[in-house]
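So this block is my_file-v4.cif, mmCIF, C-alpha atoms and all ligand atoms:
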data_start
loop_
_atom_site.label_atom_id
_atom_site.label_comp_id
_atom_site.auth_asym_id
_atom_site.auth_seq_id
_atom_site.Cartn_x
_atom_site.Cartn_y
_atom_site.Cartn_z
CA MET A 1 42.46 186.80 244.92
CA SER A 2 39.55 188.82 246.40
CA GLN A 3 38.43 188.45 250.04
CA ILE A 4 35.26 186.81 248.70
CA GLN A 5 37.31 184.14 246.91
CA VAL A 6 39.47 183.65 250.01
CA LYS A 7 36.37 182.97 252.14
CA ILE A 8 34.88 180.67 249.48
CA GLN A 9 38.07 178.60 249.36
CA GLU A 10 38.25 178.52 253.17
CA ARG A 11 34.69 177.24 253.42
CA TYR A 12 34.94 174.59 250.72
CA GLY A 13 38.44 173.55 251.71
CA LYS A 14 36.87 172.43 255.01
CA GLU A 15 33.85 170.79 253.32
CA ALA A 16 35.88 168.84 250.74
CA PRO A 17 36.84 165.78 252.85
CA ASN A 18 33.16 165.14 253.59
CA ALA A 19 32.93 163.21 250.34
CA THR A 20 29.16 162.87 250.17
CA ALA A 21 28.08 166.27 251.56
CA CYS A 22 25.04 167.77 249.82
CA LEU A 23 26.06 171.25 248.71
CA SER A 24 23.45 171.55 245.97
CA CYS A 25 20.46 173.88 245.64
CA GLY A 26 18.61 172.00 242.90
CA ASN A 27 18.46 168.81 240.88
CA ASN A 28 19.63 169.74 237.42
CA LEU A 29 21.11 166.57 235.94
CA PRO A 30 17.73 164.88 235.18
CA HIS A 31 16.81 167.95 233.13
CA ALA A 32 19.98 167.84 231.04
CA GLY A 33 18.68 165.05 228.78
CA LEU A 34 22.15 163.59 228.41
CA GLN A 35 22.75 161.34 225.41
CA PRO A 36 25.49 158.77 224.86
CA GLY A 37 28.55 160.39 223.32
CA GLU A 38 27.91 163.90 224.65
CA VAL A 39 30.48 166.08 226.42
CA LEU A 40 29.38 167.67 229.70
CA LEU A 41 31.02 170.33 231.84
CA ASP A 42 30.02 170.99 235.48
CA LEU A 43 30.93 174.45 236.80
CA GLY A 44 31.94 174.33 240.47
CA SER A 45 31.92 170.55 240.53
CA GLY A 46 32.74 170.20 244.24
CA GLN A 47 33.27 166.56 245.23
CA GLY A 48 32.37 165.57 241.67
CA LEU A 49 29.33 163.38 242.26
CA GLU A 50 27.25 164.92 239.46
CA VAL A 51 30.18 164.66 237.03
CA LEU A 52 30.57 160.97 237.85
CA ASN A 53 26.83 160.35 237.37
CA ALA A 54 26.95 162.28 234.08
CA ALA A 55 29.95 160.22 232.92
CA ARG A 56 27.83 157.06 233.28
CA LEU A 57 24.98 158.64 231.33
CA VAL A 58 27.13 159.79 228.38
CA GLY A 59 28.88 156.40 228.33
CA PRO A 60 32.31 155.43 227.03
CA THR A 61 31.98 157.52 223.86
CA GLY A 62 31.17 160.63 225.89
CA PHE A 63 33.08 162.55 228.55
CA ALA A 64 32.28 164.55 231.70
CA TYR A 65 34.49 167.35 233.01
CA GLY A 66 34.33 169.28 236.26
CA VAL A 67 36.02 172.56 237.11
CA ASP A 68 36.41 174.01 240.58
CA MET A 69 38.58 176.74 242.12
CA THR A 70 39.16 175.00 245.48
CA PRO A 71 42.18 172.65 245.25
CA ALA A 72 40.87 170.37 248.05
CA MET A 73 37.61 169.89 246.13
CA VAL A 74 39.42 168.92 242.92
CA GLU A 75 41.56 166.44 244.89
CA GLN A 76 38.48 164.93 246.59
CA ALA A 77 36.62 164.68 243.27
CA GLU A 78 39.58 162.92 241.69
CA ALA A 79 39.74 160.49 244.67
CA ASN A 80 36.01 159.79 244.21
CA ARG A 81 36.57 159.19 240.47
CA ARG A 82 39.34 156.67 241.14
CA GLU A 83 37.34 154.94 243.88
CA GLN A 84 34.31 154.58 241.57
CA GLY A 85 36.48 153.42 238.65
CA VAL A 86 35.15 156.05 236.22
CA SER A 87 37.53 156.56 233.28
CA ASN A 88 35.59 159.08 231.14
CA ALA A 89 35.74 161.98 233.61
CA GLU A 90 38.31 164.63 234.52
CA PHE A 91 38.48 167.42 237.10
CA ARG A 92 40.34 170.65 236.42
CA LEU A 93 41.35 173.41 238.82
CA GLY A 94 40.06 176.73 237.51
CA GLU A 95 37.62 179.60 237.79
CA ILE A 96 34.22 179.68 236.16
CA GLU A 97 34.89 183.27 235.08
CA ASP A 98 37.81 182.03 232.93
CA LEU A 99 37.13 178.44 231.94
CA PRO A 100 40.12 176.25 231.03
CA PHE A 101 38.25 174.77 228.05
CA ALA A 102 38.28 175.44 224.30
CA SER A 103 35.50 177.36 222.58
CA SER A 104 32.60 175.32 221.15
CA SER A 105 33.83 172.12 222.81
CA VAL A 106 30.94 171.15 225.13
CA ASP A 107 27.39 169.89 224.50
CA VAL A 108 25.98 170.53 227.98
CA VAL A 109 26.99 172.81 230.85
CA ILE A 110 25.54 172.16 234.28
CA SER A 111 26.15 174.03 237.53
CA ASN A 112 24.64 173.57 240.95
CA CYS A 113 24.73 176.34 243.58
CA VAL A 114 27.91 177.98 242.30
CA ILE A 115 27.27 181.02 240.08
CA ASN A 116 25.90 183.00 243.04
CA HIS A 117 29.50 182.94 244.35
CA ALA A 118 30.82 184.75 241.25
CA GLN A 119 31.25 188.52 241.39
CA ASP A 120 30.70 188.91 237.62
CA LYS A 121 27.80 186.66 236.64
CA GLY A 122 27.70 188.12 233.12
CA ARG A 123 31.26 186.95 232.59
CA VAL A 124 30.37 183.44 233.78
CA TYR A 125 27.46 183.22 231.33
CA SER A 126 29.70 184.59 228.55
CA GLU A 127 32.12 181.77 229.31
CA ILE A 128 29.27 179.25 229.21
CA HIS A 129 28.25 180.65 225.82
CA ARG A 130 31.85 180.45 224.56
CA VAL A 131 32.49 176.81 225.50
CA LEU A 132 29.11 175.50 224.31
CA LYS A 133 28.84 174.11 220.80
CA PRO A 134 26.14 175.73 218.62
CA GLY A 135 22.84 174.17 219.75
CA GLY A 136 24.38 173.25 223.12
CA ARG A 137 22.46 173.77 226.35
CA PHE A 138 22.94 174.70 229.98
CA VAL A 139 20.96 173.59 233.01
CA VAL A 140 21.84 175.68 236.05
CA SER A 141 20.58 175.51 239.62
CA ASP A 142 21.41 178.64 241.58
CA VAL A 143 20.32 181.02 244.32
CA ILE A 144 18.82 184.40 243.46
CA ALA A 145 17.53 187.15 245.75
CA LYS A 146 13.82 187.99 245.85
CA GLU A 147 14.82 191.64 246.21
CA ALA A 148 18.18 193.41 246.31
CA LEU A 149 20.05 192.40 249.48
CA PRO A 150 21.25 195.13 251.86
CA ASP A 151 24.81 196.46 251.69
CA GLU A 152 25.86 194.76 254.91
CA VAL A 153 25.15 191.41 253.24
CA THR A 154 26.52 192.14 249.76
CA SER A 155 29.76 193.50 251.27
CA ASP A 156 30.27 190.51 253.60
CA PRO A 157 32.65 187.90 252.08
CA VAL A 158 31.42 185.27 254.56
CA ALA A 159 27.82 185.77 253.34
CA TRP A 160 29.08 185.23 249.79
CA SER A 161 30.78 182.01 250.86
CA LEU A 162 27.51 180.82 252.43
CA CYS A 163 25.61 181.03 249.10
CA TYR A 164 23.49 184.15 249.68
CA GLY A 165 25.70 187.27 249.81
CA GLY A 166 26.18 187.14 246.04
CA ALA A 167 22.55 186.39 245.19
CA ILE A 168 21.10 189.03 242.84
CA PRO A 169 17.48 189.75 241.85
CA GLU A 170 15.94 187.76 239.00
CA ASP A 171 15.88 190.65 236.50
CA GLN A 172 19.62 191.28 236.95
CA TYR A 173 20.32 187.55 236.74
CA LEU A 174 18.38 187.23 233.47
CA ASP A 175 20.14 190.34 232.09
CA ALA A 176 23.48 188.61 232.73
CA ILE A 177 22.29 185.61 230.73
CA SER A 178 20.81 187.54 227.81
CA GLY A 179 23.87 189.84 227.72
CA ALA A 180 25.98 186.72 227.15
CA GLY A 181 24.00 185.89 224.00
CA PHE A 182 21.36 183.41 225.19
CA ARG A 183 18.01 184.43 223.75
CA ARG A 184 15.65 182.19 225.71
CA VAL A 185 15.65 180.86 229.26
CA GLU A 186 13.15 178.37 230.64
CA PHE A 187 12.42 178.10 234.36
CA LEU A 188 12.26 174.42 235.37
CA SER A 189 11.78 174.90 239.11
CA ARG A 190 11.69 177.61 241.73
CA HIS A 191 11.69 177.26 245.52
CA GLU A 192 11.43 180.38 247.70
CA TYR A 193 12.69 180.45 251.30
CA LEU A 194 14.52 182.55 253.87
CA LYS A 195 18.29 182.17 254.05
CA TYR A 196 19.74 183.67 257.24
CA GLY A 197 16.51 185.73 257.34
CA TYR A 198 16.75 187.04 253.77
CA PRO A 199 14.19 186.08 251.08
CA VAL A 200 15.87 184.10 248.30
CA ALA A 201 14.88 181.49 245.72
CA SER A 202 16.60 178.38 244.45
CA ILE A 203 15.95 178.17 240.73
CA THR A 204 16.75 175.67 238.01
CA ILE A 205 16.89 177.12 234.51
CA LEU A 206 17.63 175.85 231.02
CA GLY A 207 19.04 177.81 228.11
CA ARG A 208 20.34 177.05 224.62
CA LYS A 209 23.02 178.53 222.42
CA ASP A 210 21.69 179.35 218.93
C1 LIG A 301 27.90 174.92 246.98
S1 LIG A 301 29.30 174.06 246.36
C2 LIG A 301 28.51 173.08 245.10
C3 LIG A 301 29.32 171.89 244.68
C4 LIG A 301 28.61 170.98 243.67
N1 LIG A 301 28.16 171.71 242.50
C5 LIG A 301 27.44 170.29 244.32
O1 LIG A 301 26.29 170.55 243.93
O2 LIG A 301 27.67 169.48 245.24
C6 LIG A 301 30.13 175.34 245.41
C7 LIG A 301 31.42 174.89 244.72
O3 LIG A 301 31.77 175.89 243.76
C8 LIG A 301 33.15 176.19 243.84
N2 LIG A 301 33.32 177.58 243.38
C9 LIG A 301 32.81 178.70 243.96
N3 LIG A 301 33.12 179.78 243.24
C10 LIG A 301 33.84 179.34 242.17
C11 LIG A 301 34.46 179.99 241.06
N4 LIG A 301 34.41 181.31 240.91
N5 LIG A 301 35.11 179.23 240.16
C12 LIG A 301 35.18 177.87 240.32
N6 LIG A 301 34.62 177.21 241.35
C13 LIG A 301 33.96 177.94 242.26
C14 LIG A 301 33.50 175.94 245.29
O4 LIG A 301 34.88 175.67 245.46
C15 LIG A 301 32.62 174.75 245.63
O5 LIG A 301 33.26 173.53 245.40
#

Just give me the structure as structure tokens.
Ligand SMILES: C[S@@+](CC[C@H](N)C(=O)[O-])C[C@H]1O[C@@H](n2cnc3c(N)ncnc32)[C@H](O)[C@@H]1O
Amino acid sequence: MSQIQVKIQERYGKEAPNATACLSCGNNLPHAGLQPGEVLLDLGSGQGLEVLNAARLVGPTGFAYGVDMTPAMVEQAEANRREQGVSNAEFRLGEIEDLPFASSSVDVVISNCVINHAQDKGRVYSEIHRVLKPGGRFVVSDVIAKEALPDEVTSDPVAWSLCYGGAIPEDQYLDAISGAGFRRVEFLSRHEYLKYGYPVASITILGRKD
């Protein structure tokens, strides 16, 4: 495991017991247009609240999955699922760069403030493309950099764990998506701000697999 992953697990291992913490950088679920019977996958599902909301929206004939690399988060999400009595949801331990899901098995992928943590964003989007069914869609909220961040930030594992060290400029981010096979991306929202003094943007984007 890389030092970046160690710091990410340290941070979220501490956050996990705070069952209702807001760790999001956007509001993607309303844009997903979920229909009864659909299968949803949330990348970096944290305490699982969006998965549990999605499970209600897809109903008993649908299913919502979450995947997260921090064991304490998966345990907390599962505790939340039991407490809320949701039976059509499941949380798996795993990495978004190597998803523990079959190809062409998911209608909708969502992810909220997670892909910035990944060192190979192209690989993550390739995995999204692989697991989506033809015609499937993703709605991702994430943090990008307004301009390339300095080396002292991009080489700092703690900055990566705090959701800005791994933020890359928009053109590189879109290259990662198109390189994975998605031909069109729609920007649904964009909010620019300073994070620890560095100019970043929270974006929510939608893409479809042909
Ligand atoms: C900022 S939190 C967001 C949690 C949730 N999406 C939300 O909006 O509340 C980031 C989550 O992504 C997980 N994560 C970070 N990098 C990951 C990776 N490479 N693979 C799987 N999960 C990852 C962390 O463990 C953490 O639970």

As JSON, please: the centre and edge lengths in Å, to one decimal, of an axis-aligned box enclosing every listed atom of range 105-116 of chain A with 3 Å added on each side.
{"center_x": 29.2, "center_y": 176.4, "center_z": 233.2, "size_x": 15.2, "size_y": 19.1, "size_z": 26.8}

Would you mind reading off the distance between CA of Arg82 in chain A and atom C2 of ligand LIG 301 (chain A), one decimal, in Å?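 Taking CA of Arg82 in chain A as the start and atom C2 of ligand LIG 301 (chain A) as the end point, the length is 20.1 Å.
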
Go through chain A and flag each residue having an atom no more than 8 Å from ligand LIG 301 (chain A); for those, report the closest pair of atoms plus their distance in Å to one decimal, using only C-alpha atoms and all ligand atoms, ordered by chain and rising number, as CSV.
residue,atom,partner,partner_atom,distance
A:Gln5,CA,A:LIG301,N3,7.1
A:Ile8,CA,A:LIG301,C9,6.2
A:Gln9,CA,A:LIG301,O4,5.8
A:Tyr12,CA,A:LIG301,O4,5.4
A:Gly13,CA,A:LIG301,O4,7.5
A:Ala16,CA,A:LIG301,O5,7.6
A:Ala21,CA,A:LIG301,O2,7.1
A:Cys22,CA,A:LIG301,O2,5.6
A:Leu23,CA,A:LIG301,O2,4.2
A:Ser24,CA,A:LIG301,O1,3.6
A:Cys25,CA,A:LIG301,O1,6.9
A:Gly26,CA,A:LIG301,O1,7.9
A:Asp42,CA,A:LIG301,N1,7.3
A:Leu43,CA,A:LIG301,N6,6.5
A:Gly44,CA,A:LIG301,O3,3.6
A:Ser45,CA,A:LIG301,N1,4.4
A:Gly46,CA,A:LIG301,O5,3.6
A:Gln47,CA,A:LIG301,O2,6.3
A:Gly48,CA,A:LIG301,C4,6.9
A:Leu49,CA,A:LIG301,O2,7.0
A:Glu50,CA,A:LIG301,C5,7.2
A:Val67,CA,A:LIG301,C12,6.3
A:Asp68,CA,A:LIG301,N6,3.7
A:Met69,CA,A:LIG301,C12,4.0
A:Thr70,CA,A:LIG301,O4,4.3
A:Pro71,CA,A:LIG301,O4,7.9
A:Met73,CA,A:LIG301,O5,5.7
A:Leu93,CA,A:LIG301,C12,7.8
A:Gly94,CA,A:LIG301,C12,5.7
A:Glu95,CA,A:LIG301,N5,3.5
A:Ile96,CA,A:LIG301,N5,4.1
A:Glu97,CA,A:LIG301,N4,6.2
A:Ser111,CA,A:LIG301,N1,5.8
A:Asn112,CA,A:LIG301,N1,4.3
A:Cys113,CA,A:LIG301,C1,4.9
A:Val114,CA,A:LIG301,O3,4.6
A:Ile115,CA,A:LIG301,N3,6.8
A:Asn116,CA,A:LIG301,N3,7.9
A:His117,CA,A:LIG301,N3,4.9
A:Ala118,CA,A:LIG301,N4,5.0
A:Gln119,CA,A:LIG301,N4,7.9
A:Ser161,CA,A:LIG301,C9,7.9
A:Cys163,CA,A:LIG301,C1,6.9

Among the residues A:Ser2, A:Ser155, A:Ser202, A:Gln76, the one that comes closest to Glu15 in chain A [using only C-alpha atoms]: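 The shortest atom-to-atom distance to Glu15 in chain A comes from A:Gln76.
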
Between A:Val106, A:Arg123, A:Ile128, A:Val51, which has the minimum distance to Ala89 in chain A (counting only C-alpha atoms)?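 With only C-alpha atoms as the atom set, the closest residue is A:Val51.
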
Quick one: distance from CA of Leu99 in chain A to CA of Val200 in chain A in Å, one decimal?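 Going from CA of Leu99 in chain A over to CA of Val200 in chain A covers 27.4 Å.
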
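In this model, the gap between CA of Asn18 in chain A and CA of Ala54 in chain A comes to 20.7 Å.
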
Polymer residues at most 9 Å from Tyr173 in chain A, all atoms listed in the file, same-chain spacing of 5 or more positions, as a VMD selection string: chain A and resid 121 to 122 144 167 to 168 178

Emit the selected residues as a compact mmCIF listing (two decimals), in the frame of the given file, including C-alpha atoms.
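Result file follows (again-v5.txt):
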# COMPACT_ATOMS: atom_id res chain seq x y z
CA LYS A 121 27.80 186.66 236.64
CA GLY A 122 27.70 188.12 233.12
CA ILE A 144 18.82 184.40 243.46
CA ALA A 167 22.55 186.39 245.19
CA ILE A 168 21.10 189.03 242.84
CA SER A 178 20.81 187.54 227.81

Using all atoms listed in the file, find all polymer residues with an atom at most 12 Å away from the point (21.1, 163.0, 230.6); report them as a ChimeraX atom specification. /A:28-40,50-51,53-59,62,64,107-110,137-139
